[in-house]
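A.B. asks: One file is attached below, coords12.csv, containing CSV, N, CA and C atoms.
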chain,number,residue,atom,x,y,z
C,1,MET,N,-160.2,-38.0,57.4
C,1,MET,CA,-159.6,-36.7,57.1
C,1,MET,C,-158.9,-36.2,58.3
C,2,ALA,N,-157.7,-35.7,58.2
C,2,ALA,CA,-157.0,-35.1,59.4
C,2,ALA,C,-157.1,-33.6,59.3
C,3,ILE,N,-157.1,-33.0,60.4
C,3,ILE,CA,-157.1,-31.5,60.5
C,3,ILE,C,-155.8,-31.2,61.2
C,4,TYR,N,-154.9,-30.5,60.6
C,4,TYR,CA,-153.6,-30.1,61.2
C,4,TYR,C,-153.8,-28.7,61.7
C,5,ARG,N,-153.4,-28.5,62.9
C,5,ARG,CA,-153.5,-27.1,63.6
C,5,ARG,C,-152.1,-26.7,64.1
C,6,ASP,N,-151.9,-25.4,64.0
C,6,ASP,CA,-150.7,-24.8,64.5
C,6,ASP,C,-150.7,-24.8,66.0
C,7,PRO,N,-149.7,-25.3,66.7
C,7,PRO,CA,-149.7,-25.2,68.1
C,7,PRO,C,-149.6,-23.8,68.7
C,8,ASN,N,-149.2,-22.9,67.9
C,8,ASN,CA,-149.2,-21.5,68.4
C,8,ASN,C,-150.5,-20.8,68.2
C,9,ARG,N,-151.4,-21.0,69.2
C,9,ARG,CA,-152.8,-20.5,69.1
C,9,ARG,C,-152.9,-19.0,69.2
C,10,GLU,N,-151.9,-18.3,69.6
C,10,GLU,CA,-152.0,-16.9,69.8
C,10,GLU,C,-152.3,-16.1,68.5
C,11,ARG,N,-152.0,-16.8,67.4
C,11,ARG,CA,-152.2,-16.2,66.0
C,11,ARG,C,-153.6,-16.5,65.5
C,12,TYR,N,-154.5,-17.0,66.3
C,12,TYR,CA,-155.8,-17.4,65.8
C,12,TYR,C,-156.9,-16.8,66.6
C,13,THR,N,-158.1,-16.7,65.9
C,13,THR,CA,-159.3,-16.3,66.5
C,13,THR,C,-160.2,-17.5,66.7
C,14,VAL,N,-160.7,-17.7,67.9
C,14,VAL,CA,-161.5,-18.8,68.2
C,14,VAL,C,-163.0,-18.3,68.2
C,15,ILE,N,-163.8,-19.0,67.4
C,15,ILE,CA,-165.2,-18.7,67.2
C,15,ILE,C,-166.1,-19.9,67.6
C,16,ALA,N,-167.2,-19.6,68.3
C,16,ALA,CA,-168.1,-20.7,68.7
C,16,ALA,C,-168.7,-21.3,67.4
C,17,ASN,N,-168.8,-22.6,67.5
C,17,ASN,CA,-169.4,-23.4,66.4
C,17,ASN,C,-170.9,-22.9,66.1
C,18,ALA,N,-171.6,-22.5,67.1
C,18,ALA,CA,-172.9,-22.0,67.0
C,18,ALA,C,-173.0,-20.8,66.0
C,19,THR,N,-172.0,-20.0,66.1
C,19,THR,CA,-171.9,-18.8,65.2
C,19,THR,C,-171.6,-19.3,63.8
C,20,ILE,N,-170.7,-20.2,63.7
C,20,ILE,CA,-170.3,-20.7,62.3
C,20,ILE,C,-171.5,-21.4,61.7
C,21,ARG,N,-172.3,-22.0,62.5
C,21,ARG,CA,-173.5,-22.8,62.0
C,21,ARG,C,-174.8,-21.9,61.9
C,22,ASP,N,-174.7,-20.7,62.2
C,22,ASP,CA,-175.9,-19.8,62.1
C,22,ASP,C,-176.3,-19.6,60.6
C,23,MET,N,-177.3,-20.4,60.2
C,23,MET,CA,-177.8,-20.4,58.8
C,23,MET,C,-178.4,-19.1,58.4
C,24,ARG,N,-178.6,-18.1,59.3
C,24,ARG,CA,-179.1,-16.8,58.9
C,24,ARG,C,-178.0,-16.0,58.1
C,25,LEU,N,-176.8,-16.3,58.4
C,25,LEU,CA,-175.7,-15.6,57.9
C,25,LEU,C,-175.2,-16.2,56.6
C,26,SER,N,-175.0,-15.4,55.6
C,26,SER,CA,-174.4,-15.9,54.3
C,26,SER,C,-172.9,-16.1,54.6
C,27,ASN,N,-172.3,-16.8,53.7
C,27,ASN,CA,-170.8,-17.0,53.8
C,27,ASN,C,-170.1,-15.7,53.8
C,28,LYS,N,-170.6,-14.7,53.0
C,28,LYS,CA,-170.0,-13.4,53.0
C,28,LYS,C,-170.2,-12.7,54.3
C,29,ASP,N,-171.3,-12.7,54.9
C,29,ASP,CA,-171.6,-12.1,56.1
C,29,ASP,C,-170.8,-12.7,57.3
C,30,LEU,N,-170.7,-14.0,57.3
C,30,LEU,CA,-169.9,-14.7,58.3
C,30,LEU,C,-168.4,-14.4,58.1
C,31,GLY,N,-167.9,-14.3,56.8
C,31,GLY,CA,-166.6,-13.9,56.6
C,31,GLY,C,-166.3,-12.5,57.1
C,32,ALA,N,-167.2,-11.6,56.9
C,32,ALA,CA,-167.0,-10.2,57.5
C,32,ALA,C,-166.9,-10.2,59.0
C,33,LEU,N,-167.8,-11.0,59.6
C,33,LEU,CA,-167.7,-11.1,61.1
C,33,LEU,C,-166.4,-11.7,61.5
C,34,VAL,N,-166.0,-12.8,60.9
C,34,VAL,CA,-164.7,-13.4,61.3
C,34,VAL,C,-163.5,-12.4,61.1
C,35,ARG,N,-163.5,-11.7,60.0
C,35,ARG,CA,-162.4,-10.7,59.8
C,35,ARG,C,-162.4,-9.6,60.9
C,36,MET,N,-163.6,-9.2,61.3
C,36,MET,CA,-163.7,-8.1,62.3
C,36,MET,C,-163.3,-8.7,63.7
C,37,LEU,N,-163.7,-9.9,64.0
C,37,LEU,CA,-163.3,-10.5,65.3
C,37,LEU,C,-161.8,-10.7,65.4
C,38,ALA,N,-161.1,-10.8,64.2
C,38,ALA,CA,-159.6,-11.1,64.2
C,38,ALA,C,-158.9,-9.8,64.3
C,39,LEU,N,-159.5,-8.6,64.3
C,39,LEU,CA,-158.8,-7.3,64.4
C,39,LEU,C,-158.6,-7.0,65.8
C,40,PRO,N,-157.6,-6.1,66.1
C,40,PRO,CA,-157.3,-5.7,67.4
C,40,PRO,C,-158.4,-4.7,67.9
C,41,ASP,N,-158.6,-4.6,69.2
C,41,ASP,CA,-159.6,-3.7,69.8
C,41,ASP,C,-159.5,-2.3,69.3
C,42,ASP,N,-158.3,-1.8,69.1
C,42,ASP,CA,-158.1,-0.4,68.7
C,42,ASP,C,-158.2,-0.1,67.2
C,43,TRP,N,-158.7,-1.1,66.4
C,43,TRP,CA,-158.8,-0.9,65.0
C,43,TRP,C,-159.7,0.2,64.7
C,44,ASP,N,-159.6,0.9,63.5
C,44,ASP,CA,-160.5,1.9,63.1
C,44,ASP,C,-161.8,1.2,62.5
C,45,PHE,N,-162.7,1.0,63.5
C,45,PHE,CA,-163.9,0.3,63.1
C,45,PHE,C,-164.9,1.2,62.4
C,46,THR,N,-164.6,1.4,61.1
C,46,THR,CA,-165.5,2.2,60.3
C,46,THR,C,-165.5,1.4,58.9
C,47,ILE,N,-166.5,1.7,58.1
C,47,ILE,CA,-166.4,1.1,56.8
C,47,ILE,C,-165.1,1.4,56.0
C,48,GLU,N,-164.8,2.7,56.1
C,48,GLU,CA,-163.5,3.2,55.5
C,48,GLU,C,-162.3,2.5,56.1
C,49,GLY,N,-162.3,2.3,57.4
C,49,GLY,CA,-161.2,1.6,58.1
C,49,GLY,C,-161.1,0.1,57.6
C,50,LEU,N,-162.2,-0.5,57.3
C,50,LEU,CA,-162.2,-1.9,56.8
C,50,LEU,C,-161.7,-1.9,55.4
C,51,ILE,N,-162.0,-0.9,54.6
C,51,ILE,CA,-161.6,-0.9,53.2
C,51,ILE,C,-160.1,-0.5,53.1
C,52,VAL,N,-159.8,0.7,53.7
C,52,VAL,CA,-158.4,1.2,53.6
C,52,VAL,C,-157.4,0.3,54.2
C,53,GLY,N,-157.9,-0.3,55.3
C,53,GLY,CA,-157.0,-1.3,56.0
C,53,GLY,C,-156.8,-2.6,55.3
C,54,LYS,N,-157.5,-2.7,54.2
C,54,LYS,CA,-157.5,-4.0,53.4
C,54,LYS,C,-157.9,-5.2,54.2
C,55,VAL,N,-158.9,-5.0,55.1
C,55,VAL,CA,-159.4,-6.1,55.9
C,55,VAL,C,-160.4,-6.9,55.1
C,56,MET,N,-161.2,-6.1,54.2
C,56,MET,CA,-162.2,-6.8,53.4
C,56,MET,C,-162.0,-6.4,52.0
C,57,PRO,N,-162.0,-7.3,51.1
C,57,PRO,CA,-161.7,-7.0,49.7
C,57,PRO,C,-162.9,-6.5,48.9
C,58,ASP,N,-164.1,-6.6,49.5
C,58,ASP,CA,-165.3,-6.2,48.9
C,58,ASP,C,-165.5,-4.7,48.8
C,59,GLY,N,-166.3,-4.3,48.0
C,59,GLY,CA,-166.6,-2.8,47.9
C,59,GLY,C,-167.5,-2.3,49.0
C,60,LYS,N,-167.6,-1.0,49.0
C,60,LYS,CA,-168.3,-0.3,50.1
C,60,LYS,C,-169.8,-0.8,50.2
C,61,ASP,N,-170.5,-0.9,49.1
C,61,ASP,CA,-171.9,-1.4,49.1
C,61,ASP,C,-172.0,-2.8,49.7
C,62,SER,N,-171.1,-3.7,49.3
C,62,SER,CA,-171.1,-5.1,49.7
C,62,SER,C,-170.9,-5.1,51.2
C,63,ILE,N,-169.9,-4.4,51.7
C,63,ILE,CA,-169.5,-4.4,53.1
C,63,ILE,C,-170.7,-3.8,53.9
C,64,THR,N,-171.3,-2.8,53.4
C,64,THR,CA,-172.5,-2.1,54.1
C,64,THR,C,-173.6,-3.1,54.2
C,65,ARG,N,-173.9,-3.9,53.2
C,65,ARG,CA,-175.0,-4.9,53.3
C,65,ARG,C,-174.6,-6.0,54.3
C,66,SER,N,-173.4,-6.4,54.4
C,66,SER,CA,-173.0,-7.4,55.4
C,66,SER,C,-173.1,-6.9,56.8
C,67,LEU,N,-172.7,-5.6,57.0
C,67,LEU,CA,-172.8,-5.0,58.3
C,67,LEU,C,-174.3,-4.9,58.7
C,68,LYS,N,-175.1,-4.6,57.8
C,68,LYS,CA,-176.6,-4.4,58.1
C,68,LYS,C,-177.1,-5.8,58.6
C,69,LYS,N,-176.7,-6.9,57.9
C,69,LYS,CA,-177.2,-8.2,58.3
C,69,LYS,C,-176.6,-8.6,59.7
C,70,LEU,N,-175.3,-8.2,59.9
C,70,LEU,CA,-174.8,-8.5,61.2
C,70,LEU,C,-175.5,-7.7,62.3
C,71,GLU,N,-175.9,-6.5,62.0
C,71,GLU,CA,-176.6,-5.8,63.0
C,71,GLU,C,-178.0,-6.4,63.2
C,72,GLU,N,-178.7,-6.8,62.1
C,72,GLU,CA,-180.0,-7.4,62.2
C,72,GLU,C,-180.0,-8.6,63.1
C,73,TYR,N,-178.9,-9.4,63.0
C,73,TYR,CA,-178.8,-10.7,63.8
C,73,TYR,C,-178.0,-10.5,65.1
C,74,GLU,N,-177.7,-9.2,65.5
C,74,GLU,CA,-177.1,-8.9,66.8
C,74,GLU,C,-175.7,-9.3,66.9
C,75,TYR,N,-174.9,-9.4,65.9
C,75,TYR,CA,-173.5,-9.7,65.9
C,75,TYR,C,-172.7,-8.3,66.0
C,76,LEU,N,-173.4,-7.3,65.6
C,76,LEU,CA,-172.8,-5.9,65.5
C,76,LEU,C,-173.8,-4.9,66.1
C,77,ASN,N,-173.2,-4.0,66.9
C,77,ASN,CA,-174.0,-2.9,67.4
C,77,ASN,C,-173.2,-1.6,67.1
C,78,ARG,N,-173.8,-0.7,66.4
C,78,ARG,CA,-173.2,0.6,66.1
C,78,ARG,C,-173.9,1.6,66.8
C,79,ILE,N,-173.2,2.3,67.7
C,79,ILE,CA,-173.8,3.2,68.6
C,79,ILE,C,-173.5,4.7,68.1
C,80,PRO,N,-174.5,5.5,67.8
C,80,PRO,CA,-174.1,6.8,67.3
C,80,PRO,C,-173.4,7.6,68.4
C,81,GLN,N,-172.4,8.4,68.0
C,81,GLN,CA,-171.7,9.2,69.0
C,81,GLN,C,-171.9,10.7,68.6
C,82,ARG,N,-172.1,11.5,69.6
C,82,ARG,CA,-172.4,12.9,69.4
C,82,ARG,C,-171.2,13.7,70.1
C,83,GLY,N,-170.9,14.8,69.5
C,83,GLY,CA,-169.9,15.7,70.0
C,83,GLY,C,-170.6,16.8,70.7
C,84,LYS,N,-169.9,17.9,70.8
C,84,LYS,CA,-170.4,19.1,71.4
C,84,LYS,C,-171.6,19.6,70.6
C,85,ASN,N,-172.6,20.1,71.3
C,85,ASN,CA,-173.8,20.6,70.6
C,85,ASN,C,-174.6,19.6,69.9
C,86,GLY,N,-174.4,18.3,70.2
C,86,GLY,CA,-175.1,17.2,69.7
C,86,GLY,C,-174.8,16.9,68.2
C,87,VAL,N,-173.6,17.3,67.7
C,87,VAL,CA,-173.2,17.1,66.4
C,87,VAL,C,-172.8,15.6,66.2
C,88,PHE,N,-173.3,14.9,65.2
C,88,PHE,CA,-172.9,13.5,65.0
C,88,PHE,C,-171.4,13.4,64.6
C,89,LYS,N,-170.7,12.5,65.4
C,89,LYS,CA,-169.3,12.3,65.2
C,89,LYS,C,-169.0,10.9,64.5
C,90,GLY,N,-169.9,10.0,64.4
C,90,GLY,CA,-169.6,8.7,63.9
C,90,GLY,C,-170.3,7.7,64.8
C,91,TYR,N,-169.8,6.5,64.7
C,91,TYR,CA,-170.3,5.3,65.5
C,91,TYR,C,-169.2,4.7,66.3
C,92,LYS,N,-169.6,4.2,67.5
C,92,LYS,CA,-168.8,3.3,68.3
C,92,LYS,C,-169.3,1.9,67.9
C,93,TRP,N,-168.4,1.0,67.5
C,93,TRP,CA,-168.8,-0.3,67.1
C,93,TRP,C,-168.6,-1.3,68.2
C,94,GLU,N,-169.5,-2.2,68.4
C,94,GLU,CA,-169.4,-3.4,69.3
C,94,GLU,C,-169.6,-4.6,68.4
C,95,VAL,N,-168.6,-5.5,68.3
C,95,VAL,CA,-168.6,-6.7,67.5
C,95,VAL,C,-168.7,-7.9,68.5
C,96,PHE,N,-169.7,-8.7,68.3
C,96,PHE,CA,-169.9,-9.9,69.2
C,96,PHE,C,-169.7,-11.2,68.5
C,97,GLU,N,-169.1,-12.1,69.2
C,97,GLU,CA,-168.9,-13.5,68.6
C,97,GLU,C,-170.3,-14.2,68.4
C,98,SER,N,-171.2,-13.9,69.3
C,98,SER,CA,-172.5,-14.4,69.2
C,98,SER,C,-173.6,-13.5,69.7
C,99,PRO,N,-174.8,-13.6,69.2
C,99,PRO,CA,-175.9,-12.7,69.7
C,99,PRO,C,-176.1,-12.9,71.2
C,100,THR,N,-175.9,-14.1,71.8
C,100,THR,CA,-176.1,-14.3,73.2
C,100,THR,C,-175.1,-13.5,74.0
C,101,ILE,N,-173.9,-13.3,73.5
C,101,ILE,CA,-172.9,-12.5,74.2
C,101,ILE,C,-173.4,-11.0,74.1
C,102,ALA,N,-174.0,-10.6,73.0
C,102,ALA,CA,-174.5,-9.3,72.8
C,102,ALA,C,-175.5,-9.0,73.9
C,103,ASP,N,-176.3,-10.0,74.2
C,103,ASP,CA,-177.4,-9.8,75.2
C,103,ASP,C,-176.9,-9.3,76.6
C,104,TYR,N,-175.7,-9.7,76.9
C,104,TYR,CA,-175.1,-9.4,78.2
C,104,TYR,C,-174.0,-8.5,78.3
C,105,GLN,N,-173.3,-8.2,77.1
C,105,GLN,CA,-172.1,-7.4,77.2
C,105,GLN,C,-172.2,-6.0,76.6
C,106,SER,N,-173.3,-5.7,75.9
C,106,SER,CA,-173.4,-4.4,75.3
C,106,SER,C,-173.2,-3.3,76.3
C,107,THR,N,-172.4,-2.3,76.0
C,107,THR,CA,-172.3,-1.1,76.9
C,107,THR,C,-173.5,-0.2,76.9
C,108,GLU,N,-174.5,-0.5,76.1
C,108,GLU,CA,-175.7,0.3,76.1
C,108,GLU,C,-176.7,-0.3,77.0
C,109,GLY,N,-176.4,-1.2,77.9
C,109,GLY,CA,-177.3,-1.8,78.8
C,109,GLY,C,-177.7,-3.2,78.5
C,110,LEU,N,-178.2,-3.9,79.5
C,110,LEU,CA,-178.6,-5.3,79.3
C,110,LEU,C,-179.9,-5.3,78.5
C,111,LYS,N,-180.0,-6.3,77.6
C,111,LYS,CA,-181.3,-6.6,76.9
C,111,LYS,C,-182.1,-7.5,77.7
C,112,THR,N,-183.4,-7.6,77.5
C,112,THR,CA,-184.2,-8.5,78.2
C,112,THR,C,-184.4,-9.8,77.5
C,113,GLY,N,-184.8,-10.8,78.2
C,113,GLY,CA,-185.1,-12.1,77.6
C,113,GLY,C,-183.9,-13.0,77.9
C,114,LYS,N,-184.2,-14.3,77.8
C,114,LYS,CA,-183.3,-15.4,78.0
C,114,LYS,C,-182.5,-15.7,76.8
C,115,PRO,N,-181.2,-16.0,76.9
C,115,PRO,CA,-180.5,-16.5,75.7
C,115,PRO,C,-181.0,-17.9,75.2
C,116,GLU,N,-180.9,-18.1,73.9
C,116,GLU,CA,-181.2,-19.4,73.4
C,116,GLU,C,-180.2,-20.4,73.9
C,117,THR,N,-180.6,-21.6,74.3
C,117,THR,CA,-179.7,-22.6,74.8
C,117,THR,C,-179.7,-23.9,74.0
C,118,GLY,N,-180.6,-24.0,73.0
C,118,GLY,CA,-180.7,-25.2,72.2
C,118,GLY,C,-179.6,-25.3,71.2
C,119,LYS,N,-179.6,-26.5,70.6
C,119,LYS,CA,-178.6,-26.7,69.5
C,119,LYS,C,-179.0,-25.9,68.3
C,120,PRO,N,-178.0,-25.4,67.6
C,120,PRO,CA,-178.3,-24.6,66.4
C,120,PRO,C,-178.8,-25.5,65.3
C,121,GLU,N,-179.6,-25.0,64.4
C,121,GLU,CA,-180.1,-25.8,63.3
C,121,GLU,C,-179.0,-25.9,62.3
C,122,CYS,N,-178.8,-27.0,61.7
C,122,CYS,CA,-177.8,-27.2,60.7
C,122,CYS,C,-178.4,-27.9,59.5
C,123,THR,N,-178.4,-27.3,58.4
C,123,THR,CA,-179.1,-27.9,57.2
C,123,THR,C,-178.0,-28.3,56.2
C,124,GLU,N,-177.5,-29.5,56.4
C,124,GLU,CA,-176.5,-30.0,55.5
C,124,GLU,C,-177.0,-31.1,54.6
Represent the supplied structure as structure tokens.
C.D. replies:
Amino acid sequence: MAIYRDPNRERYTVIANATIRDMRLSNKDLGALVRMLALPDDWDFTIEGLIVGKVMPDGKDSITRSLKKLEEYEYLNRIPQRGKNGVFKGYKWEVFESPTIADYQSTEGLKTGKPETGKPECTE
């Protein structure tokens, strides 16, 4: 089998194979992650921004479930933002290609522990 790739890589999002092979993620959850990673940094990263922007064709409940899974497995970090007088304003989103990157790049401070370095499990 041949794989044909476009030489113009600027139109593509590169994702680590370990992320693609993460068997904890359903295809739907992985698809949500891939779509978010393909968005520009200044995107309206809210559930409404994903729906209105036609980034994800699923409904609000389905998107919410995927986002919760991505948070559980540390691909997504949603940080509550407060305005004056401590009033909740929404979330700042951090989307990570892999949980290992999340361990070192989160703006909320470094997490403890060593990243996993072994090969991902693949059940084919």
A.B. asks: Quick one: pull the distance between CA of Val55 in chain C and atom C of Gly31 in chain C, Å, one decimal.
C.D. replies: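 Atom C of Gly31 in chain C lies 9.5 Å from CA of Val55 in chain C.
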A.B. asks: Grab the CA of Arg21 in chain C to CA of Lys69 in chain C distance for me, in Å with one decimal place.
C.D. replies: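 Here the two named atoms are 15.5 Å from each other.
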A.B. asks: In Å, how far is it from CA of Asp44 in chain C to atom N of Met23 in chain C?
C.D. replies: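 Taking CA of Asp44 in chain C and atom N of Met23 in chain C, their separation equals 28.1 Å.
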A.B. asks: Between C:Ile47, C:Arg11, C:Val52, C:Asp42, single out the one closest to Ser66 in chain C, counting only C-alpha atoms.
C.D. replies: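 Going through C:Ile47, C:Arg11, C:Val52, C:Asp42 one by one, the smallest distance to Ser66 in chain C is for C:Ile47.
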